[in-house]
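Okay, model.txt now, which holds compact mmCIF, C-alpha atoms:
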# COMPACT_ATOMS: atom_id res chain seq x y z
CA MET A 108 -175.05 5.45 146.74
CA PRO A 109 -175.99 2.03 148.21
CA TRP A 110 -179.62 0.98 148.44
CA THR A 111 -181.56 0.81 151.71
CA PHE A 112 -184.77 -1.11 152.27
CA ASP A 113 -186.62 2.09 153.22
CA GLU A 114 -185.55 3.70 149.95
CA ILE A 115 -186.69 0.69 147.92
CA GLU A 116 -190.08 0.71 149.66
CA ARG A 117 -190.53 4.43 149.07
CA GLU A 118 -189.44 4.40 145.42
CA TRP A 119 -191.48 1.36 144.35
CA PHE A 120 -194.40 1.32 146.81
CA GLY A 121 -194.87 4.93 147.90
CA ASP A 122 -196.60 4.84 151.27
CA GLY A 123 -197.04 1.05 151.06
CA HIS A 124 -194.94 -1.49 152.93
CA LEU A 125 -193.28 -4.72 151.86
CA ALA A 126 -193.17 -7.72 154.21
CA TRP A 127 -190.11 -9.27 152.54
CA ASP A 128 -186.74 -9.86 154.20
CA GLY A 129 -185.10 -6.44 153.99
CA GLU A 130 -181.49 -7.61 153.82
CA ASP A 131 -182.36 -10.13 151.12
CA VAL A 132 -184.08 -7.46 149.02
CA VAL A 133 -181.20 -5.00 149.39
CA ARG A 134 -178.65 -7.64 148.35
CA ALA A 135 -180.69 -8.41 145.24
CA PHE A 136 -180.96 -4.73 144.27
CA VAL A 137 -177.26 -4.06 144.86
CA LEU A 138 -176.25 -7.00 142.66
CA ALA A 139 -178.81 -6.13 139.97
CA GLU A 140 -177.38 -2.61 139.81
CA ARG A 141 -173.80 -3.89 139.68
CA ILE A 142 -174.63 -6.14 136.72
CA ARG A 143 -177.15 -4.05 134.79
CA GLY A 144 -176.65 -0.47 135.95
CA ARG A 145 -178.73 1.96 137.96
CA ASP A 146 -180.81 3.14 135.01
CA TRP A 147 -182.08 -0.41 134.41
CA VAL A 148 -182.94 -0.80 138.09
CA LEU A 149 -184.81 2.51 138.23
CA GLY A 150 -186.79 1.82 135.06
CA THR A 151 -189.31 4.42 133.91
CA GLU A 152 -191.11 6.76 136.29
CA VAL A 153 -194.86 6.31 136.37
CA ASP A 154 -197.36 9.10 135.86
CA PRO A 155 -197.97 11.00 139.14
CA GLY A 156 -201.70 10.68 138.52
CA LEU A 157 -201.40 6.90 138.66
CA MET A 158 -199.57 7.15 141.99
CA GLN A 159 -202.42 9.20 143.42
CA ALA A 160 -205.13 6.95 142.02
CA LEU A 161 -203.61 3.64 143.11
CA PRO A 162 -202.35 3.29 146.69
CA GLY A 163 -199.16 1.31 147.20
CA ILE A 164 -197.52 2.41 143.95
CA GLY A 165 -194.39 4.56 144.09
CA ARG A 166 -192.82 6.47 141.26
CA ARG A 167 -190.92 3.36 140.10
CA GLY A 168 -194.09 1.44 139.35
CA GLY A 169 -195.16 -0.84 142.20
CA TYR A 170 -194.93 -4.58 142.70
CA GLN A 171 -194.30 -5.83 139.15
CA GLU A 172 -191.45 -3.40 138.57
CA PHE A 173 -190.02 -4.24 141.99
CA LEU A 174 -190.19 -7.95 141.16
CA ARG A 175 -188.40 -7.39 137.82
CA VAL A 176 -185.34 -6.11 139.67
CA CYS A 177 -185.48 -8.28 142.78
CA TRP A 178 -185.98 -11.58 140.95
CA PHE A 179 -183.09 -10.84 138.60
CA GLY A 180 -180.81 -10.01 141.53
CA LYS A 181 -181.82 -13.01 143.63
CA ARG A 182 -181.18 -15.46 140.79
CA ALA A 183 -177.95 -13.76 139.76
CA ALA A 184 -176.66 -14.18 143.33
CA SER A 185 -176.93 -17.95 142.87
CA ILE A 186 -174.93 -17.81 139.62
CA VAL A 187 -172.11 -15.25 139.85
CA GLY A 188 -168.71 -16.79 140.45
CA ALA A 189 -169.60 -20.17 138.95
CA ARG A 190 -167.79 -21.63 135.98
CA GLY A 191 -169.59 -20.45 132.87
CA ALA A 192 -171.42 -17.69 134.76
CA ASP A 193 -170.30 -14.74 132.61
CA ASP A 194 -171.77 -16.04 129.36
CA PHE A 195 -174.85 -17.26 131.21
CA ILE A 196 -175.52 -13.85 132.78
CA GLN A 197 -175.24 -12.22 129.36
CA ARG A 198 -177.89 -14.58 127.98
CA LEU A 199 -180.08 -13.79 130.98
CA ILE A 200 -179.68 -10.06 130.33
CA VAL A 201 -180.86 -10.34 126.71
CA GLY A 202 -183.96 -12.22 127.86
CA ASP A 203 -183.26 -15.74 126.61
CA SER A 204 -186.20 -17.85 127.80
CA SER A 205 -184.28 -21.11 128.32
CA THR A 206 -181.62 -19.30 130.31
CA SER A 207 -184.30 -17.77 132.51
CA GLN A 208 -185.74 -21.22 133.31
CA GLU A 209 -182.26 -22.54 134.10
CA ALA A 210 -181.55 -19.54 136.35
CA SER A 211 -184.71 -20.25 138.33
CA ALA A 212 -183.73 -23.92 138.69
CA ILE A 213 -180.21 -23.04 139.85
CA HIS A 214 -181.65 -20.62 142.40
CA LEU A 215 -183.92 -23.31 143.86
CA LEU A 216 -181.00 -25.66 144.46
CA ARG A 217 -178.33 -23.14 145.43
CA ALA A 218 -179.98 -20.24 147.28
CA ARG A 219 -179.78 -22.21 150.55
CA ASN A 220 -176.49 -23.91 149.67
CA TYR A 221 -173.85 -21.34 148.77
CA ASP A 222 -171.14 -23.80 149.80
CA THR A 223 -171.93 -25.76 146.64
CA GLU A 224 -169.81 -25.77 143.50
CA LEU A 225 -171.67 -24.91 140.28
CA GLU A 226 -170.64 -25.36 136.66
CA ILE A 227 -172.89 -24.20 133.83
CA ALA A 228 -173.06 -26.19 130.57
CA PRO A 229 -170.19 -28.60 131.34
CA THR A 230 -168.99 -30.80 128.48
CA ILE A 231 -169.17 -34.47 129.45
CA ALA A 232 -168.88 -37.82 127.69
CA VAL A 233 -172.12 -39.80 127.37
CA GLY A 234 -171.30 -43.06 125.62
CA THR A 235 -169.41 -42.14 122.45
CA HIS A 236 -170.78 -38.59 122.32
CA ASN A 237 -170.03 -35.34 124.09
CA ARG A 238 -173.04 -33.78 125.80
CA GLN A 239 -173.72 -30.56 127.69
CA PRO A 240 -176.21 -30.81 130.54
CA ASP A 241 -177.56 -27.41 131.54
CA PHE A 242 -175.53 -27.41 134.75
CA ARG A 243 -173.98 -29.56 137.43
CA ILE A 244 -173.75 -28.91 141.14
CA ARG A 245 -172.14 -30.59 144.16
CA LYS A 246 -171.30 -30.19 147.81
CA PRO A 247 -167.58 -30.14 148.73
CA ALA A 248 -165.97 -33.58 148.36
CA GLU A 249 -169.21 -35.08 146.98
CA ASP A 250 -170.11 -36.34 143.51
CA TRP A 251 -171.57 -34.07 140.86
CA ILE A 252 -175.34 -33.93 140.29
CA TYR A 253 -176.17 -33.30 136.62
CA VAL A 254 -179.28 -31.24 135.85
CA GLU A 255 -181.34 -30.75 132.71
CA VAL A 256 -183.96 -27.98 132.72
CA THR A 257 -186.92 -27.64 130.39
CA ALA A 258 -190.22 -25.78 130.33
CA LEU A 259 -193.66 -27.05 129.42
CA ASN A 260 -195.41 -24.80 126.96
CA GLU A 261 -199.18 -24.89 126.88
CA SER A 262 -200.23 -27.84 124.74
CA THR A 263 -202.92 -27.61 122.06
CA ALA A 264 -205.10 -29.96 124.10
CA SER A 265 -204.80 -27.87 127.26
CA ALA A 266 -205.48 -24.64 125.34
CA GLN A 267 -208.70 -26.15 123.99
CA THR A 268 -209.73 -27.39 127.44
CA MET A 269 -209.01 -24.02 129.03
CA ALA A 270 -211.00 -22.25 126.31
CA LEU A 271 -213.93 -24.56 127.10
CA LEU A 272 -213.75 -23.80 130.83
CA GLN A 273 -213.48 -20.06 130.23
CA ARG A 274 -216.44 -20.15 127.86
CA ILE A 275 -218.56 -21.94 130.45
CA ALA A 276 -217.42 -19.56 133.20
CA GLU A 277 -218.26 -16.47 131.17
CA ARG A 278 -221.72 -17.79 130.33
CA VAL A 279 -222.52 -18.76 133.92
CA MET A 280 -221.32 -15.41 135.29
CA THR A 281 -223.89 -13.58 133.15
CA ILE A 282 -226.70 -15.14 135.24
CA SER A 283 -228.21 -12.30 137.24
CA ALA A 284 -228.47 -13.88 140.69
CA PRO A 285 -226.34 -14.27 143.82
CA PHE A 286 -224.75 -17.73 143.86
CA LEU A 287 -221.78 -19.98 144.55
CA LEU A 288 -221.70 -22.73 141.93
CA GLU A 289 -219.21 -25.44 141.10
CA VAL A 290 -219.41 -27.20 137.75
CA LEU A 291 -217.76 -30.63 137.88
CA LEU A 292 -217.42 -32.11 134.40
CA ASN A 293 -216.68 -35.78 133.80
CA ARG A 294 -215.71 -35.07 130.18
CA ASP A 295 -215.76 -32.32 127.56
CA PRO A 296 -219.24 -31.45 126.26
CA VAL A 297 -219.97 -32.83 122.80
CA GLY A 298 -221.14 -29.97 120.61
CA ALA A 299 -222.98 -26.76 121.39
CA SER A 300 -226.15 -28.54 122.53
CA GLU A 301 -224.50 -30.07 125.60
CA GLU A 302 -222.93 -26.74 126.51
CA GLU A 303 -226.37 -25.11 126.27
CA GLN A 304 -227.84 -27.84 128.46
CA LEU A 305 -225.15 -27.11 131.04
CA ILE A 306 -225.90 -23.37 131.07
CA THR A 307 -229.65 -24.00 131.36
CA ILE A 308 -229.13 -26.19 134.43
CA ALA A 309 -226.74 -23.60 135.89
CA GLU A 310 -229.47 -20.95 135.58
CA THR A 311 -231.84 -23.19 137.52
CA ALA A 312 -229.23 -24.18 140.11
CA SER A 313 -228.26 -20.56 140.77
CA ARG A 314 -231.67 -20.00 142.37
CA GLU A 315 -231.77 -23.20 144.42
CA ALA A 316 -230.96 -23.84 148.05
CA GLN A 317 -227.39 -24.29 149.21
CA GLY A 318 -226.23 -27.88 149.36
CA ARG A 319 -228.21 -28.96 146.30
CA GLN A 320 -226.52 -31.06 143.62
CA ARG A 321 -227.85 -31.35 140.08
CA ASP A 322 -226.56 -34.06 137.74
CA VAL A 323 -226.22 -33.36 134.03
CA GLY A 324 -226.45 -36.91 132.69
CA ASP A 325 -223.00 -38.43 132.29
CA LEU A 326 -221.57 -35.00 131.47
CA GLY A 327 -221.09 -33.95 135.09
CA SER A 328 -222.80 -32.30 138.02
CA MET A 329 -223.56 -28.88 139.46
CA LEU A 330 -223.01 -28.08 143.16
CA VAL A 331 -224.83 -25.21 144.88
CA LYS A 332 -222.48 -24.13 147.67
CA ALA A 333 -222.42 -21.93 150.74
CA GLY A 334 -219.59 -19.62 151.74
CA ASP A 335 -217.82 -16.36 150.99
CA PRO A 336 -217.67 -15.59 147.25
CA GLN A 337 -214.32 -13.87 147.83
CA VAL A 338 -212.74 -17.21 148.85
CA VAL A 339 -212.29 -19.97 146.26
CA VAL A 340 -212.60 -23.44 147.83
CA PRO A 341 -212.84 -26.32 145.32
CA SER A 342 -214.82 -29.30 146.58
CA LEU A 343 -213.01 -32.48 147.55
CA LEU A 344 -213.96 -35.45 145.41
CA GLU A 345 -213.43 -38.57 147.51
CA THR A 346 -214.25 -40.99 144.69
CA ASP A 347 -212.47 -39.12 141.90
CA ASN A 348 -208.76 -38.29 142.16
CA ARG A 349 -208.22 -37.58 138.46
CA PRO A 350 -206.06 -34.52 137.65
CA ARG A 351 -208.26 -31.61 136.57
CA MET A 352 -207.96 -28.22 134.94
CA ALA A 353 -210.03 -25.49 136.53
CA VAL A 354 -211.07 -21.86 136.29
CA ALA A 355 -212.73 -19.67 138.89
CA ARG A 356 -214.64 -16.41 138.43
CA ALA A 357 -216.17 -14.03 140.95
CA LEU A 358 -218.17 -10.80 140.84
CA ILE A 359 -218.13 -8.95 144.15
CA GLY A 360 -218.81 -5.39 145.19
CA PRO A 361 -221.32 -2.81 146.43
CA GLY A 362 -224.58 -2.94 144.53
CA GLN A 363 -223.64 -6.28 142.94
CA LEU A 364 -225.36 -9.62 143.13
CA ASN A 365 -222.26 -11.29 144.52
CA ARG A 366 -221.48 -14.51 142.73
CA GLN A 367 -218.73 -17.06 142.25
CA MET A 368 -218.34 -20.10 140.04
CA ILE A 369 -215.72 -22.79 139.62
CA ALA A 370 -215.54 -25.06 136.57
CA ARG A 371 -213.36 -28.20 136.56
CA VAL A 372 -212.77 -30.96 134.03
CA PRO A 373 -210.42 -33.99 133.97
CA PHE A 374 -207.20 -33.32 132.06
CA GLN A 375 -203.80 -34.99 131.85
CA ASP A 376 -200.70 -33.66 130.13
CA GLN A 377 -199.47 -36.56 127.98
CA ARG A 378 -195.92 -35.35 127.23
CA ALA A 379 -194.02 -36.81 130.19
CA GLU A 380 -192.49 -39.82 128.41
CA GLU A 381 -191.35 -37.87 125.35
CA ILE A 382 -189.74 -35.12 127.42
CA LEU A 383 -188.01 -37.54 129.79
CA ARG A 384 -186.60 -39.46 126.85
CA ILE A 385 -185.19 -36.30 125.25
CA GLU A 386 -183.75 -34.80 128.44
CA ALA A 387 -182.24 -38.08 129.67
CA ARG A 388 -179.96 -38.19 126.62
CA GLN A 389 -178.00 -35.23 128.01
CA LEU A 390 -177.31 -36.94 131.34
CA PRO A 391 -174.42 -39.32 132.10
CA ARG A 392 -175.38 -42.95 132.60
CA ASN A 393 -173.62 -43.70 135.89
CA GLU A 394 -174.12 -40.43 137.75
CA CYS A 395 -176.96 -38.73 139.61
CA GLY A 396 -179.20 -36.85 137.18
CA ILE A 397 -182.18 -34.56 137.71
CA VAL A 398 -184.71 -33.27 135.19
CA MET A 399 -186.27 -29.99 136.35
CA VAL A 400 -189.44 -28.94 134.51
CA ASN A 401 -190.89 -25.44 134.72
CA VAL A 402 -194.69 -25.81 134.59
CA ASN A 403 -195.75 -22.16 134.86
CA ARG A 404 -197.52 -22.42 131.50
CA GLN A 405 -198.96 -25.88 132.23
CA PRO A 406 -199.62 -26.09 136.01
CA SER A 407 -201.93 -29.08 135.55
CA ALA A 408 -198.72 -31.09 135.10
CA PHE A 409 -198.28 -31.04 138.87
CA GLU A 410 -201.06 -33.60 139.06
CA SER A 411 -200.83 -35.46 135.75
CA TRP A 412 -197.04 -35.91 135.79
CA SER A 413 -197.21 -37.08 139.40
CA LEU A 414 -199.20 -40.04 138.06
CA ARG A 415 -197.43 -40.68 134.76
CA VAL A 416 -193.76 -40.30 135.72
CA PRO A 417 -193.82 -43.02 138.44
CA GLU A 418 -195.26 -45.39 135.82
CA ARG A 419 -192.15 -44.83 133.71
CA PHE A 420 -189.85 -45.30 136.70
CA ALA A 421 -191.66 -48.46 137.84
CA GLY A 422 -190.80 -50.14 134.56
CA GLY A 423 -187.09 -49.61 135.11
CA GLN A 424 -186.84 -46.83 132.51
CA HIS A 425 -184.66 -43.72 132.75
CA THR A 426 -182.37 -45.03 135.49
CA ARG A 427 -179.97 -42.13 134.92
CA ILE A 428 -182.72 -39.79 136.22
CA ALA A 429 -182.77 -39.78 140.04
CA ALA A 430 -185.75 -37.44 140.17
CA VAL A 431 -188.06 -35.20 138.19
CA VAL A 432 -188.64 -31.83 139.86
CA LEU A 433 -191.70 -29.92 138.68
CA PHE A 434 -191.53 -26.25 139.64
CA MET A 435 -193.16 -22.90 139.09
CA HIS A 436 -193.13 -19.46 140.70
CA ALA A 437 -196.20 -17.33 141.25
CA THR A 438 -197.29 -14.20 143.09
CA MET A 439 -199.67 -15.09 145.92
CA ALA A 440 -201.73 -12.91 148.23
CA THR A 441 -200.79 -13.78 151.82
CA ASN A 442 -201.43 -12.34 155.27
CA ASN A 443 -198.26 -10.30 154.76
CA GLY A 444 -199.18 -8.99 151.33
CA LEU A 445 -198.03 -10.16 147.91
CA MET A 446 -195.27 -12.77 147.92
CA TRP A 447 -193.31 -14.39 145.07
CA LEU A 448 -193.37 -18.07 145.96
CA PRO A 449 -191.97 -21.32 144.54
CA PHE A 450 -194.17 -24.39 144.13
CA LEU A 451 -192.52 -27.79 143.77
CA ARG A 452 -193.33 -31.43 143.22
CA VAL A 453 -190.46 -33.93 143.56
CA ILE A 454 -190.88 -37.36 141.93
CA GLN A 455 -187.99 -39.63 142.90
CA ASN A 456 -186.91 -42.67 140.92
CA PRO A 457 -186.49 -45.69 143.24
CA ARG A 458 -184.58 -47.52 140.49
CA ALA A 459 -182.12 -44.75 139.67
CA THR A 460 -178.46 -45.68 139.19
CA LYS A 461 -177.59 -43.09 141.84
CA PRO A 462 -180.27 -41.65 144.15
CA LEU A 463 -180.64 -38.01 145.10
CA PRO A 464 -178.15 -36.93 147.78
CA ARG A 465 -179.70 -36.07 151.11
CA TRP A 466 -178.90 -32.36 150.85
CA ILE A 467 -180.95 -32.03 147.64
CA VAL A 468 -183.91 -33.83 149.21
CA GLU A 469 -183.74 -31.64 152.32
CA THR A 470 -183.38 -28.43 150.29
CA LEU A 471 -186.43 -29.13 148.14
CA GLU A 472 -188.53 -30.24 151.11
CA ALA A 473 -187.59 -27.07 153.03
CA ILE A 474 -188.74 -24.94 150.08
CA ARG A 475 -192.06 -26.79 149.94
CA ALA A 476 -192.51 -26.47 153.70
CA ASP A 477 -191.90 -22.70 153.58
CA THR A 478 -194.47 -22.27 150.83
CA ARG A 479 -197.02 -24.33 152.77
CA ARG A 480 -196.36 -22.25 155.89
CA ILE A 481 -196.73 -18.93 154.09
CA THR A 482 -199.84 -19.85 152.11
CA GLY A 483 -201.43 -21.96 154.84
CA ARG A 484 -202.45 -24.66 152.40
CA PRO A 485 -201.02 -27.89 150.97
CA ASP A 486 -199.03 -27.67 147.76
What is this file in structure tokens?
Amino acid sequence: MPWTFDEIEREWFGDGHLAWDGEDVVRAFVLAERIRGRDWVLGTEVDPGLMQALPGIGRRGGYQEFLRVCWFGKRAASIVGARGADDFIQRLIVGDSSTSQEASAIHLLRARNYDTELEIAPTIAVGTHNRQPDFRIRKPAEDWIYVEVTALNESTASAQTMALLQRIAERVMTISAPFLLEVLLNRDPVGASEEEQLITIAETASREAQGRQRDVGDLGSMLVKAGDPQVVVPSLLETDNRPRMAVARALIGPGQLNRQMIARVPFQDQRAEEILRIEARQLPRNECGIVMVNVNRQPSAFESWSLRVPERFAGGQHTRIAAVVLFMHATMATNNGLMWLPFLRVIQNPRATKPLPRWIVETLEAIRADTRRITGRPD
């Protein structure tokens, strides 16, 4: 029995509604069932008590279970029929992480361009060696574009920085007072004494008037802000455009002293050159090449790589790479409910042997524009 959008809403969301394109969702579910079977699509029924306790959850488990099926089907639609697709789909089914990243990258380039030709893992000659880029894609009668896909895992340095920010956030949120604070660090605190100094000043600042700024030596500053603690709005720093890592915490509810804090510290991912060097080896020298980097586990790379990669290109390096595309997908709360959205940053190489074709540029810009429109904020 074919799926309908009403049935999908009822089974996964109960009395809730989904503001996604109905035809698109149905196509994804139909293809997911054709490839993986109805039992996989249906998953495991949730406890009826959970359905009663949590509105918007149907017997199939709500948004996350819906996304499991829909995201598989949407990506598979961009892959089926291509050369090498059968083996690729099997790797996707068994949960291979690299294959999943490649499927997401293919979907970004092909979901709006089904007239393209796709070949997965083609064997090509690079110098005296045979190489296999992750895939290649082209419009009819145009040249191939060769694509390498990789994912940034969380680095040791970023894990340590995030642990610092979370530690500060947890300490500040224990202050029993209503406040909106933003902690802007210039560097990591040296030792426990500087962290304690920061918390002491936060306790004082939490009881001060809105608009007050307290400096903590050369360590950073503390901003006492006005606004709605339910809305996170980082302050603009006109004299400091360094990439930063950040965390935000809020405590809101009846009978609570509503509070919110943001903590931010400069951080740059340093792995751009090493990764570009490794990935470029798989690309042919005299063709158009793209390196697509999934940054879901290291989103700070959106800012730090946007600074470091152009430095490499400016020196005439990596001319076989026409562009680096940083991408991630995330669930965002929008005016139309939860949406699964792509976020992109495209860094073109002005010295590339062959530049990006216009259709790739337009496709990626259209994706970015849609995300900006839906979220109402710059990417």
For Val372 of chain A, list every protein, DNA or RNA residue within 12 Å, evaluated using all atoms listed in the file, and leave out those in the same chain fewer than 6 positions away; present the list as JSON, numbers by chain.
-> {"A": [265, 267, 268, 269, 270, 271, 272, 273, 275, 289, 290, 291, 292, 293, 294, 295, 296, 326, 327, 328, 347, 348, 349, 350, 351, 352, 353, 354, 407]}
Could you name the residues that touch segment 398-406 of chain A at 8 Å or less, counting only C-alpha atoms, but leaving out those on the same chain fewer than 5 positions away, as a list in words?
->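 Listed by chain and then number, they are Gln208, Ala212, Val254, Glu255, Val256, Thr257, Ala258, Leu259, Asn260, Glu261, Ser262, Ser265, Leu383, Glu386, Ala387, Ile428, Ala430, Val431, Val432, Leu433, Phe434, Met435 and His436 of chain A.
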Put those residues in a file: C-alpha atoms, as a PDB file, keeping the file's coordinate frame.
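What follows is the written file out_1.pdb:
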ATOM      1  CA  GLN A 208    -185.740 -21.220 133.310  1.00  0.00           C
ATOM      2  CA  ALA A 212    -183.730 -23.920 138.690  1.00  0.00           C
ATOM      3  CA  VAL A 254    -179.280 -31.240 135.850  1.00  0.00           C
ATOM      4  CA  GLU A 255    -181.340 -30.750 132.710  1.00  0.00           C
ATOM      5  CA  VAL A 256    -183.960 -27.980 132.720  1.00  0.00           C
ATOM      6  CA  THR A 257    -186.920 -27.640 130.390  1.00  0.00           C
ATOM      7  CA  ALA A 258    -190.220 -25.780 130.330  1.00  0.00           C
ATOM      8  CA  LEU A 259    -193.660 -27.050 129.420  1.00  0.00           C
ATOM      9  CA  ASN A 260    -195.410 -24.800 126.960  1.00  0.00           C
ATOM     10  CA  GLU A 261    -199.180 -24.890 126.880  1.00  0.00           C
ATOM     11  CA  SER A 262    -200.230 -27.840 124.740  1.00  0.00           C
ATOM     12  CA  SER A 265    -204.800 -27.870 127.260  1.00  0.00           C
ATOM     13  CA  LEU A 383    -188.010 -37.540 129.790  1.00  0.00           C
ATOM     14  CA  GLU A 386    -183.750 -34.800 128.440  1.00  0.00           C
ATOM     15  CA  ALA A 387    -182.240 -38.080 129.670  1.00  0.00           C
ATOM     16  CA  ILE A 428    -182.720 -39.790 136.220  1.00  0.00           C
ATOM     17  CA  ALA A 430    -185.750 -37.440 140.170  1.00  0.00           C
ATOM     18  CA  VAL A 431    -188.060 -35.200 138.190  1.00  0.00           C
ATOM     19  CA  VAL A 432    -188.640 -31.830 139.860  1.00  0.00           C
ATOM     20  CA  LEU A 433    -191.700 -29.920 138.680  1.00  0.00           C
ATOM     21  CA  PHE A 434    -191.530 -26.250 139.640  1.00  0.00           C
ATOM     22  CA  MET A 435    -193.160 -22.900 139.090  1.00  0.00           C
ATOM     23  CA  HIS A 436    -193.130 -19.460 140.700  1.00  0.00           C
TER      24      HIS A 436
END
Please provide the set of residues having any atom within 10 Å of Asn442 of chain A, restricted to all atoms listed in the file, with same-chain residues fewer than 6 positions apart removed, written as a PyMOL selection string.
-> chain A and resi 126+481-483
What lies within 9 Å of Val132 of chain A using all atoms listed in the file, ignoring chain neighbours under 3 positions off, as a PyMOL selection string?
-> chain A and resi 112+115+127-129+135-137+177+180-181
Atom CA of Thr311 of chain A and atom CA of Ile369 of chain A are how many Å apart?
->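 For atom CA of Thr311 of chain A relative to atom CA of Ile369 of chain A, the distance reads 16.3 Å.
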Among listed residues A:Val233, A:Ile397, A:Thr438, A:Ala379, nearest Thr478 of chain A (using all atoms listed in the file) = A:Thr438
Counting only C-alpha atoms, which of A:Ala284, A:Ala309, A:Leu125, A:Ile252 gets nearest to Pro229 of chain A?
-> A:Ile252
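Nearest residue to Glu224 of chain A among A:Trp251, A:Trp466, A:Phe120, A:Trp110 is A:Trp251, counting all atoms listed in the file.
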Minimum-distance residue to Ser413 of chain A, chosen among A:Gln389, A:Gln455, A:Asn443, A:Gln159 (using all atoms listed in the file) | A:Gln455
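As for atom CA of Ile186 of chain A and atom CA of Leu138 of chain A, they are spaced 11.3 Å apart.
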What lies within 10 Å of Leu414 of chain A using all atoms listed in the file, ignoring chain neighbours under 3 positions off, as a PyMOL selection string?
-> chain A and resi 349-350+375+379+408-411+417-419+454
Can those selected residues be exported to a file as a PDB file, keeping the file's coordinate frame so that it contains C-alpha atoms?
ATOM      1  CA  ARG A 349    -208.220 -37.580 138.460  1.00  0.00           C
ATOM      2  CA  PRO A 350    -206.060 -34.520 137.650  1.00  0.00           C
ATOM      3  CA  GLN A 375    -203.800 -34.990 131.850  1.00  0.00           C
ATOM      4  CA  ALA A 379    -194.020 -36.810 130.190  1.00  0.00           C
ATOM      5  CA  ALA A 408    -198.720 -31.090 135.100  1.00  0.00           C
ATOM      6  CA  PHE A 409    -198.280 -31.040 138.870  1.00  0.00           C
ATOM      7  CA  GLU A 410    -201.060 -33.600 139.060  1.00  0.00           C
ATOM      8  CA  SER A 411    -200.830 -35.460 135.750  1.00  0.00           C
ATOM      9  CA  PRO A 417    -193.820 -43.020 138.440  1.00  0.00           C
ATOM     10  CA  GLU A 418    -195.260 -45.390 135.820  1.00  0.00           C
ATOM     11  CA  ARG A 419    -192.150 -44.830 133.710  1.00  0.00           C
ATOM     12  CA  ILE A 454    -190.880 -37.360 141.930  1.00  0.00           C
TER      13      ILE A 454
END
Output as lines of an AutoDock Vina configuration file the centre and edge lengths (Å, one decimal) of the box along x, y and z of the file that holds every listed atom of segment 415-429 of chain A after adding 5 Å on each side.
center_x = -188.7
center_y = -45.0
center_z = 136.3
size_x = 27.5
size_y = 20.4
size_z = 17.5
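Nearest residue to Leu225 of chain A among A:Gly144, A:Pro247, A:Gly362, A:Gly165 is A:Pro247, counting all atoms listed in the file.
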Just how far from atom CA of Val331 of chain A is atom CA of Glu315 of chain A, in Å to one decimal?
->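 Atom CA of Val331 of chain A lies 7.2 Å from atom CA of Glu315 of chain A.
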Nearest residue to Thr235 of chain A from the set A:Asp335, A:Pro391, A:Ser207, A:Leu330 (distances using only C-alpha atoms) =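 Nearest candidate to Thr235 of chain A out of A:Asp335, A:Pro391, A:Ser207, A:Leu330: A:Pro391.
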Save segment 260-276 of chain A to disk from that block, C-alpha atoms included, as a PDB file, in the first residue's frame.
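Written output follows (out-v1.pdb):
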ATOM      1  CA  ASN A 260      36.243  14.934  13.564  1.00  0.00           C
ATOM      2  CA  GLU A 261      36.455  16.959  16.736  1.00  0.00           C
ATOM      3  CA  SER A 262      40.109  17.781  17.360  1.00  0.00           C
ATOM      4  CA  THR A 263      41.781  17.383  20.748  1.00  0.00           C
ATOM      5  CA  ALA A 264      42.236  21.153  20.916  1.00  0.00           C
ATOM      6  CA  SER A 265      38.575  21.866  20.219  1.00  0.00           C
ATOM      7  CA  ALA A 266      37.448  19.233  22.739  1.00  0.00           C
ATOM      8  CA  GLN A 267      39.554  20.927  25.410  1.00  0.00           C
ATOM      9  CA  THR A 268      38.216  24.366  24.481  1.00  0.00           C
ATOM     10  CA  MET A 269      34.627  23.144  24.508  1.00  0.00           C
ATOM     11  CA  ALA A 270      35.154  21.507  27.902  1.00  0.00           C
ATOM     12  CA  LEU A 271      36.426  24.857  29.204  1.00  0.00           C
ATOM     13  CA  LEU A 272      33.375  26.728  27.890  1.00  0.00           C
ATOM     14  CA  GLN A 273      30.974  24.141  29.282  1.00  0.00           C
ATOM     15  CA  ARG A 274      32.687  24.266  32.667  1.00  0.00           C
ATOM     16  CA  ILE A 275      32.360  28.051  32.781  1.00  0.00           C
ATOM     17  CA  ALA A 276      28.728  27.888  31.639  1.00  0.00           C
TER      18      ALA A 276
END
